[in-house]
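**Student:** Just so it is clear, I am handing over input23.txt, which has compact mmCIF, C-alpha atoms.
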# COMPACT_ATOMS: atom_id res chain seq x y z
CA MET A 166 38.70 -79.26 -17.23
CA PHE A 167 38.14 -75.49 -16.85
CA ASN A 168 38.06 -73.37 -19.97
CA HIS A 169 40.30 -70.51 -18.78
CA ARG A 170 39.34 -68.25 -21.69
CA VAL A 171 35.65 -68.57 -20.82
CA LEU A 172 36.40 -67.98 -17.14
CA LYS A 173 38.48 -64.91 -17.98
CA ARG A 174 35.70 -63.47 -20.14
CA ALA A 175 33.19 -64.17 -17.37
CA LYS A 176 35.34 -62.28 -14.86
CA ILE A 177 35.63 -59.32 -17.20
CA SER A 178 31.86 -59.27 -17.75
CA PHE A 179 31.22 -59.57 -14.02
CA PHE A 180 33.51 -56.69 -13.10
CA SER A 181 32.15 -54.60 -15.97
CA LEU A 182 28.65 -55.15 -14.60
CA ILE A 183 29.76 -54.06 -11.12
CA THR A 184 31.47 -50.95 -12.52
CA PHE A 185 28.43 -50.04 -14.63
CA SER A 186 26.11 -50.55 -11.67
CA ALA A 187 28.32 -48.38 -9.48
CA ILE A 188 28.25 -45.56 -12.05
CA ILE A 189 24.47 -45.74 -12.31
CA PHE A 190 24.20 -45.74 -8.51
CA LEU A 191 26.40 -42.64 -8.19
CA ILE A 192 24.42 -40.81 -10.87
CA HIS A 193 21.05 -41.48 -9.27
CA CYS A 194 22.24 -41.04 -5.70
CA ASP A 195 23.94 -37.69 -6.23
CA ASP A 196 21.09 -35.99 -4.42
CA LEU A 197 21.22 -38.53 -1.62
CA ILE A 198 24.93 -37.93 -1.04
CA HIS A 199 24.54 -34.16 -0.93
CA TYR A 200 21.42 -34.42 1.22
CA ASP A 201 23.19 -36.55 3.79
CA SER A 202 25.86 -33.91 4.25
CA THR A 203 23.37 -31.24 5.35
CA HIS A 204 20.32 -33.10 6.70
CA THR A 205 20.45 -35.80 9.35
CA PRO A 206 19.12 -38.30 10.03
CA LEU A 207 17.86 -39.63 6.70
CA ARG A 208 14.36 -41.04 6.49
CA SER A 209 13.52 -44.62 5.67
CA MET A 210 12.08 -45.41 2.24
CA GLN A 211 8.66 -45.93 3.85
CA GLU A 212 8.81 -42.44 5.36
CA GLU A 213 9.89 -41.02 2.01
CA ASN A 214 6.84 -42.52 0.35
CA GLU A 215 4.63 -41.03 3.06
CA VAL A 216 6.00 -37.50 2.78
CA GLY A 217 6.15 -37.55 -1.00
CA LYS A 218 2.80 -39.06 -1.87
CA GLY A 219 0.67 -38.47 1.20
CA ASN A 220 -2.73 -36.92 0.76
CA HIS A 221 -3.71 -34.50 3.51
CA GLY A 222 -7.10 -34.15 1.87
CA VAL A 223 -8.26 -37.37 3.53
CA LEU A 224 -7.34 -35.90 6.92
CA VAL A 225 -10.26 -33.49 7.01
CA ALA A 226 -13.16 -34.23 9.31
CA PRO A 227 -16.43 -35.35 7.67
CA LEU A 228 -18.82 -32.59 6.69
CA ASN A 229 -22.02 -32.07 8.66
CA ALA A 230 -20.72 -34.13 11.58
CA THR A 231 -21.41 -33.17 15.19
CA GLU A 232 -18.63 -31.95 17.47
CA GLU A 233 -18.57 -35.32 19.24
CA GLU A 234 -18.36 -37.16 15.91
CA ARG A 235 -15.47 -34.97 14.73
CA ILE A 236 -13.55 -35.52 17.96
CA ALA A 237 -14.09 -39.27 17.68
CA TRP A 238 -12.90 -39.15 14.06
CA PHE A 239 -9.84 -37.11 15.08
CA ARG A 240 -8.87 -39.56 17.83
CA GLY A 241 -9.03 -42.39 15.34
CA LYS A 242 -6.79 -40.50 12.91
CA LEU A 243 -4.32 -38.97 15.37
CA HIS A 244 -1.51 -41.32 14.36
CA GLU A 245 -1.75 -40.01 10.80
CA PHE A 246 -1.11 -36.41 11.79
CA LYS A 247 2.66 -36.66 11.52
CA ILE A 248 3.04 -32.93 12.06
CA LEU A 249 2.03 -33.43 15.71
CA LYS A 250 4.79 -36.00 16.28
CA SER A 251 7.82 -35.33 18.42
CA ASP A 252 10.77 -37.42 17.28
CA GLU A 253 14.54 -37.26 16.84
CA LEU A 254 14.27 -35.17 13.69
CA SER A 255 11.83 -32.60 15.06
CA ARG A 256 13.85 -32.23 18.27
CA GLN A 257 16.77 -30.95 16.19
CA PHE A 258 14.63 -28.04 14.97
CA HIS A 259 16.05 -25.22 17.11
CA ALA A 260 19.69 -26.21 16.61
CA ARG A 261 19.22 -26.56 12.86
CA VAL A 262 17.46 -23.21 12.54
CA LEU A 263 20.15 -21.40 14.55
CA GLY A 264 22.89 -23.11 12.58
CA PHE A 265 21.31 -22.19 9.28
CA LEU A 266 20.54 -18.59 10.18
CA SER A 267 24.14 -18.02 11.27
CA HIS A 268 25.29 -18.08 7.63
CA GLU A 269 25.61 -14.30 7.19
CA CYS A 270 21.93 -13.79 6.49
CA GLU A 271 21.07 -10.23 5.53
CA SER A 272 17.46 -10.96 6.50
CA GLN A 273 15.53 -14.02 7.62
CA PHE A 274 12.32 -15.30 6.09
CA PHE A 275 9.97 -18.09 7.08
CA MET A 276 7.35 -20.08 5.20
CA THR A 277 5.29 -23.11 6.15
CA TRP A 278 4.45 -26.10 3.99
CA VAL A 279 2.06 -28.63 5.53
CA SER A 280 1.03 -30.40 2.31
CA PRO A 281 2.79 -33.38 0.69
CA ALA A 282 6.18 -32.61 -0.86
CA GLY A 283 4.85 -33.58 -4.28
CA SER A 284 2.38 -30.68 -4.15
CA PHE A 285 5.20 -28.14 -3.94
CA GLY A 286 5.30 -27.02 -7.56
CA ALA A 287 6.12 -24.28 -10.05
CA ARG A 288 4.02 -21.62 -8.30
CA GLU A 289 5.82 -22.09 -4.99
CA LEU A 290 9.26 -22.20 -6.62
CA LEU A 291 8.44 -18.98 -8.48
CA SER A 292 7.47 -17.35 -5.19
CA ILE A 293 10.78 -18.32 -3.57
CA GLU A 294 12.74 -17.26 -6.65
CA SER A 295 11.09 -13.84 -6.52
CA LEU A 296 12.02 -13.53 -2.85
CA PHE A 297 15.69 -14.14 -3.59
CA LYS A 298 15.62 -11.90 -6.64
CA ALA A 299 14.53 -9.05 -4.36
CA SER A 300 16.80 -10.11 -1.46
CA PRO A 301 19.70 -12.25 -2.77
CA LYS A 302 21.42 -12.47 0.61
CA ALA A 303 18.33 -13.50 2.58
CA CYS A 304 17.92 -16.85 4.32
CA LEU A 305 14.66 -18.78 4.05
CA VAL A 306 13.52 -21.47 6.48
CA ILE A 307 10.53 -23.56 5.37
CA LEU A 308 8.81 -25.20 8.32
CA SER A 309 7.84 -28.52 6.79
CA ARG A 310 8.11 -32.17 7.74
CA THR A 311 7.35 -33.28 4.18
CA LEU A 312 9.94 -31.08 2.45
CA ASP A 313 12.55 -32.02 5.05
CA SER A 314 13.26 -35.19 3.12
CA ILE A 315 15.23 -36.51 0.17
CA HIS A 316 12.24 -35.83 -2.06
CA GLY A 317 11.96 -32.31 -0.72
CA TYR A 318 15.68 -31.71 -1.15
CA ARG A 319 15.43 -32.66 -4.81
CA ILE A 320 12.55 -30.21 -5.25
CA LEU A 321 14.55 -27.37 -3.69
CA LYS A 322 17.86 -28.33 -5.32
CA PRO A 323 17.54 -25.90 -8.27
CA LEU A 324 17.35 -23.05 -5.75
CA LEU A 325 20.33 -24.39 -3.82
CA ASP A 326 22.31 -24.82 -7.03
CA GLY A 327 21.59 -21.16 -7.73
CA GLY A 328 23.37 -20.26 -4.50
CA PHE A 329 20.22 -19.32 -2.61
CA ARG A 330 20.06 -19.99 1.11
CA VAL A 331 16.93 -22.06 1.68
CA GLN A 332 16.34 -25.02 3.98
CA ALA A 333 13.30 -27.05 4.95
CA VAL A 334 13.24 -28.00 8.64
CA THR A 335 10.84 -30.33 10.43
CA PRO A 336 9.12 -28.14 13.05
CA ASP A 337 9.11 -29.00 16.73
CA LEU A 338 5.71 -27.73 17.80
CA SER A 339 6.45 -28.33 21.49
CA PHE A 340 9.47 -26.05 21.27
CA LEU A 341 7.76 -23.46 19.08
CA PHE A 342 4.77 -23.14 21.39
CA LYS A 343 6.72 -23.32 24.66
CA GLY A 344 6.30 -20.20 26.79
CA THR A 345 3.02 -19.30 25.09
CA PRO A 346 -0.64 -20.29 25.68
CA ALA A 347 -0.36 -22.48 22.57
CA LYS A 348 1.63 -25.12 24.49
CA ALA A 349 -1.36 -26.18 26.60
CA TRP A 350 -3.59 -26.07 23.50
CA LEU A 351 -1.18 -28.39 21.68
CA ASN A 352 -1.14 -30.84 24.60
CA GLU A 353 -4.93 -31.05 24.52
CA LEU A 354 -4.87 -31.48 20.75
CA ARG A 355 -2.37 -34.35 20.96
CA LYS A 356 -4.64 -36.10 23.45
CA GLY A 357 -7.53 -35.89 21.00
CA LYS A 358 -9.51 -33.56 23.23
CA LYS A 359 -9.95 -30.76 20.68
CA ASP A 360 -12.51 -30.49 17.93
CA PRO A 361 -10.43 -30.09 14.73
CA GLY A 362 -13.40 -28.64 12.84
CA GLU A 363 -14.34 -29.07 9.20
CA VAL A 364 -11.55 -26.83 7.90
CA SER A 365 -8.20 -28.57 7.41
CA LEU A 366 -6.33 -28.74 10.71
CA PHE A 367 -3.10 -28.40 8.75
CA GLN A 368 -4.23 -24.98 7.54
CA ASN A 369 -4.97 -23.85 11.07
CA LEU A 370 -1.69 -25.23 12.39
CA SER A 371 0.05 -23.17 9.72
CA ASN A 372 -1.77 -20.09 11.04
CA LEU A 373 -0.39 -20.77 14.51
CA MET A 374 3.11 -21.87 13.44
CA ARG A 375 3.79 -18.61 11.58
CA LEU A 376 2.98 -16.61 14.70
CA ALA A 377 5.10 -18.83 16.93
CA VAL A 378 8.17 -18.90 14.68
CA LEU A 379 8.24 -15.11 14.40
CA TYR A 380 7.76 -14.82 18.16
CA LYS A 381 10.77 -17.13 18.69
CA TYR A 382 13.13 -15.78 16.04
CA GLY A 383 11.75 -12.60 14.49
CA GLY A 384 11.84 -11.90 10.77
CA VAL A 385 9.44 -12.06 7.85
CA TYR A 386 6.73 -14.64 7.26
CA LEU A 387 5.41 -15.12 3.72
CA ASP A 388 2.77 -17.38 2.23
CA THR A 389 4.12 -19.56 -0.57
CA ASP A 390 2.04 -17.89 -3.30
CA PHE A 391 3.51 -14.38 -3.08
CA VAL A 392 5.53 -12.73 -5.81
CA VAL A 393 7.98 -10.39 -4.12
CA LEU A 394 8.76 -7.30 -6.18
CA LYS A 395 10.81 -5.24 -3.74
CA PRO A 396 13.08 -5.92 -0.75
CA LEU A 397 11.24 -6.06 2.57
CA THR A 398 14.32 -5.39 4.66
CA GLY A 399 13.32 -1.79 5.38
CA LEU A 400 10.13 -2.83 7.14
CA ARG A 401 9.76 -3.69 10.83
CA ASN A 402 6.77 -4.73 12.91
CA SER A 403 4.32 -4.47 10.04
CA ILE A 404 1.10 -6.13 8.98
CA GLY A 405 -0.85 -5.44 5.81
CA ALA A 406 -4.43 -4.39 5.22
CA GLN A 407 -6.20 -6.50 2.62
CA SER A 408 -9.02 -4.02 2.11
CA MET A 409 -9.88 -0.43 2.99
CA ASP A 410 -12.92 1.79 3.15
CA LEU A 411 -12.40 4.17 0.23
CA GLY A 412 -14.42 6.84 2.01
CA ASN A 413 -12.63 7.20 5.34
CA LYS A 414 -9.39 5.43 4.26
CA GLN A 415 -9.60 3.07 7.25
CA TRP A 416 -8.72 -0.59 6.89
CA THR A 417 -11.60 -3.06 6.93
CA ARG A 418 -9.66 -6.35 6.84
CA LEU A 419 -6.11 -7.34 7.73
CA ASN A 420 -4.37 -10.49 6.55
CA ASN A 421 -1.75 -12.80 8.03
CA ALA A 422 -0.19 -13.88 4.71
CA VAL A 423 2.71 -11.44 5.26
CA LEU A 424 3.93 -10.69 8.77
CA ILE A 425 7.09 -8.76 9.67
CA PHE A 426 7.90 -8.65 13.38
CA ASP A 427 10.76 -8.54 15.85
CA MET A 428 11.38 -11.45 18.18
CA ASN A 429 9.09 -11.50 21.25
CA HIS A 430 6.85 -8.77 19.88
CA PRO A 431 3.81 -8.38 22.19
CA LEU A 432 1.33 -8.26 19.31
CA LEU A 433 2.37 -11.76 18.21
CA LEU A 434 1.68 -13.02 21.72
CA ARG A 435 -1.76 -11.40 21.58
CA PHE A 436 -2.41 -13.18 18.28
CA ILE A 437 -1.34 -16.54 19.77
CA ASN A 438 -3.50 -16.02 22.82
CA GLU A 439 -6.49 -15.16 20.62
CA PHE A 440 -5.93 -18.34 18.59
CA VAL A 441 -6.06 -20.47 21.73
CA LEU A 442 -9.04 -18.72 23.31
CA THR A 443 -11.23 -18.53 20.22
CA PHE A 444 -10.11 -21.48 18.07
CA ASN A 445 -12.85 -22.53 15.68
CA GLY A 446 -11.99 -25.12 13.07
CA ASN A 447 -15.34 -24.78 11.29
CA ARG A 448 -14.96 -21.27 9.90
CA TRP A 449 -12.43 -20.56 7.19
CA GLY A 450 -10.20 -17.62 8.07
CA HIS A 451 -11.43 -17.40 11.66
CA ASN A 452 -8.01 -18.41 13.02
CA GLY A 453 -6.07 -16.47 10.38
CA PRO A 454 -7.04 -13.19 8.64
CA TYR A 455 -10.11 -12.64 10.80
CA LEU A 456 -8.06 -13.33 13.94
CA VAL A 457 -5.44 -10.65 13.31
CA SER A 458 -8.21 -8.24 12.32
CA ARG A 459 -10.12 -8.88 15.58
CA VAL A 460 -7.08 -8.40 17.79
CA VAL A 461 -5.84 -5.21 16.12
CA GLU A 462 -9.33 -3.70 16.11
CA ARG A 463 -9.67 -4.33 19.85
CA LEU A 464 -6.26 -2.81 20.57
CA GLY A 465 -7.11 0.42 18.79
CA LYS A 466 -4.38 2.95 19.51
CA ARG A 467 -3.35 1.39 22.80
CA PRO A 468 0.32 2.27 23.51
CA GLY A 469 3.12 -0.26 23.92
CA PHE A 470 2.65 -2.35 20.79
CA ASN A 471 4.57 -0.33 18.20
CA PHE A 472 3.49 -1.71 14.82
CA THR A 473 2.45 -0.38 11.43
CA ILE A 474 -0.57 -1.24 9.30
CA LEU A 475 0.38 -0.94 5.65
CA PRO A 476 -2.22 -0.15 2.94
CA PRO A 477 -3.41 -2.88 0.55
CA MET A 478 -1.04 -1.72 -2.19
CA ALA A 479 1.92 -2.88 -0.09
CA PHE A 480 1.13 -6.61 0.08
CA TYR A 481 -2.28 -7.15 -1.53
CA PRO A 482 -2.51 -4.94 -4.64
CA ALA A 483 -4.59 -7.56 -6.47
CA ASP A 484 -7.98 -8.29 -4.93
CA TRP A 485 -8.16 -12.08 -4.77
CA ILE A 486 -11.92 -11.98 -5.33
CA LYS A 487 -11.42 -10.14 -8.63
CA ILE A 488 -8.32 -12.00 -9.76
CA GLY A 489 -10.28 -14.03 -12.32
CA GLY A 490 -11.02 -10.80 -14.17
CA LEU A 491 -7.41 -10.62 -15.29
CA PHE A 492 -8.04 -13.64 -17.51
CA ARG A 493 -11.42 -12.62 -18.97
CA LYS A 494 -12.44 -10.04 -21.52
CA PRO A 495 -14.36 -7.22 -19.78
CA LYS A 496 -18.09 -7.32 -20.53
CA THR A 497 -18.73 -3.74 -19.51
CA ARG A 498 -16.76 -0.52 -19.12
CA GLY A 499 -17.10 -0.86 -15.35
CA SER A 500 -15.67 -4.36 -15.28
CA ALA A 501 -12.66 -3.14 -17.26
CA LYS A 502 -11.57 -1.16 -14.20
CA TRP A 503 -9.68 -3.06 -11.53
Could you spell out this file's structure in structure tokens?
**Tutor:**
Amino acid sequence: MFNHRVLKRAKISFFSLITFSAIIFLIHCDDLIHYDSTHTPLRSMQEENEVGKGNHGVLVAPLNATEEERIAWFRGKLHEFKILKSDELSRQFHARVLGFLSHECESQFFMTWVSPAGSFGARELLSIESLFKASPKACLVILSRTLDSIHGYRILKPLLDGGFRVQAVTPDLSFLFKGTPAKAWLNELRKGKKDPGEVSLFQNLSNLMRLAVLYKYGGVYLDTDFVVLKPLTGLRNSIGAQSMDLGNKQWTRLNNAVLIFDMNHPLLLRFINEFVLTFNGNRWGHNGPYLVSRVVERLGKRPGFNFTILPPMAFYPADWIKIGGLFRKPKTRGSAKW
């Protein structure tokens, strides 16, 4: 004989468990539901683990290896360089960028993030917050496969909740480099025919991506460690000097950490061409700050390029070599001066 009272209590407990589980699911999947409405397609859990916990540090060629040894190493690791992949998500890049930038953007900014999503921390969030404090109606696109994920969405959610327009988008390198010399360079790289060098290839790809995205769309590129104090909307076709000769007031080094250019600007194409022709993955800065310095120095005052070189105070008021001095007591009167 069935005990109907026991059965009734069992049913109540069972349905209570289902209801409780559903509530817990909705609480923890709030981000997932919102993410799905703006980012498609969703990644698998395996992909989420890869983008959230991956370590790009292991994807640096061995030190003191020969060129042939580095190329052999790179060919063996090619499948791990997800940034070089072309898939359904990356092929949506252009449409997603255009759709996002159509939201009444007063100005458009770009950043790149080629490290794991978990490495995107307080410093980077502060940088973005400062950008929107200076330009509340700006739109920011972060070119990043790792942040274009549920994990990345959760990291950026405080900014989105604040009403700021920011979106991470998986870059399509084939599209970005199309119509420039970088397309052929990328094809050779994907075949494992390029020496990646001892410097992180991700770092050098970021150097190239920032040039290509500005060439395609125009706008402002910023590194993710900048604190923006004033709006940049009044600037056009500008690059900043990192250092100057105090005697003749001429710049001695430019930097590519802040770039402000119109779409299809010829100087950007010169930078891209220089990257392809002189790529060297063994020298830090060779494909970045030193590259833009080389190109601009060669151009001199040649007409037809229409750009401005801003003094160090504009973008680089703090000398990165001396930055540690801000946190130490001066030992001499001379060291007390910046």
**Student:** Kindly give the distance, in Å, that separates atom CA of Ala299 of chain A and atom CA of Gly450 of chain A, rounded to a single decimal.
**Tutor:** 29.0 Å
**Student:** From the list A:Arg448, A:Arg459, A:Lys359, A:Lys414, which residue is nearest Ala237 of chain A when using all atoms listed in the file?
**Tutor:**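 With all atoms listed in the file as the atom set, the closest residue is A:Lys359.
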**Student:** Considering all atoms listed in the file, can you say which of A:Ala349, A:Leu305, A:Val334, A:Ile236 comes closest to Gln257 of chain A?
**Tutor:** A:Val334
**Student:** Got a sec: who's within 12 Å of Glu233 of chain A, counting only C-alpha atoms, leaving out chain neighbours fewer than 4 positions off, as a VMD selection string?
**Tutor:** chain A and resid 226 to 227 229 237 to 240 357 to 362
**Student:** Nearest to Leu354 of chain A among A:Leu411, A:Cys270, A:Ile320, A:Leu370, with distances taken over only C-alpha atoms: which residue is it?
**Tutor:**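 Smallest separation from Leu354 of chain A among the options: A:Leu370.
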**Student:** Can you tell me, as number ranges by chain, what residues are no more than 8 Å from segment 243-253 of chain A when counting all atoms listed in the file, ignoring any on the same chain fewer than 5 positions away?
**Tutor:** A: 224, 279, 310, 336-339, 355, 357
**Student:** If I take atom CA of Thr335 of chain A and atom CA of Leu254 of chain A, how far is one from the other in Å, to one decimal?
**Tutor:**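 Straight-line distance from atom CA of Thr335 of chain A to atom CA of Leu254 of chain A works out to 6.8 Å.
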**Student:** From the set A:Glu269, A:Leu442, A:Gly384, A:Thr389, which residue has the shortest atom-to-atom contact distance to Ala347 of chain A, counting only C-alpha atoms?
**Tutor:** A:Leu442
**Student:** Calculated over all atoms listed in the file, which of the candidates A:Arg498, A:Lys348, A:Lys466, A:Lys298 has the smallest distance to Asn438 of chain A?
**Tutor:**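 Closest to Asn438 of chain A, using all atoms listed in the file: A:Lys348.
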**Student:** Write out as JSON, numbers by chain the residues lying within 8 Å of segment 480-493 of chain A, counting only C-alpha atoms and excluding same-chain residues fewer than 6 positions away.
**Tutor:** {"A": [405, 406, 407, 423, 503]}
**Student:** When distances are computed from all atoms listed in the file, which of A:Pro431, A:Pro468, A:Pro477, A:Pro323 shows the smallest separation from Met409 of chain A?
**Tutor:**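 Checking each candidate against Met409 of chain A, we get A:Pro477 as the closest.
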**Student:** Quick one: pull the distance between atom CA of Leu266 of chain A and atom CA of Val306 of chain A, Å, one decimal.
**Tutor:** 8.4 Å
**Student:** Determine, counting only C-alpha atoms, which protein, DNA and RNA residues have an atom within 12 Å of an atom of Glu294 of chain A; residues of the same chain fewer than 2 positions away are not included. Present the result as a PyMOL selection string.
**Tutor:** chain A and resi 287-292+296-301+303+305+321+323-325+327-331+389-394
**Student:** Got a sec to check which residues sit within 9 Å of (2.1, -28.7, 2.5), counting all atoms listed in the file, and write them as a VMD selection string?
**Tutor:** chain A and resid 221 277 to 285 309 to 312 367 to 368
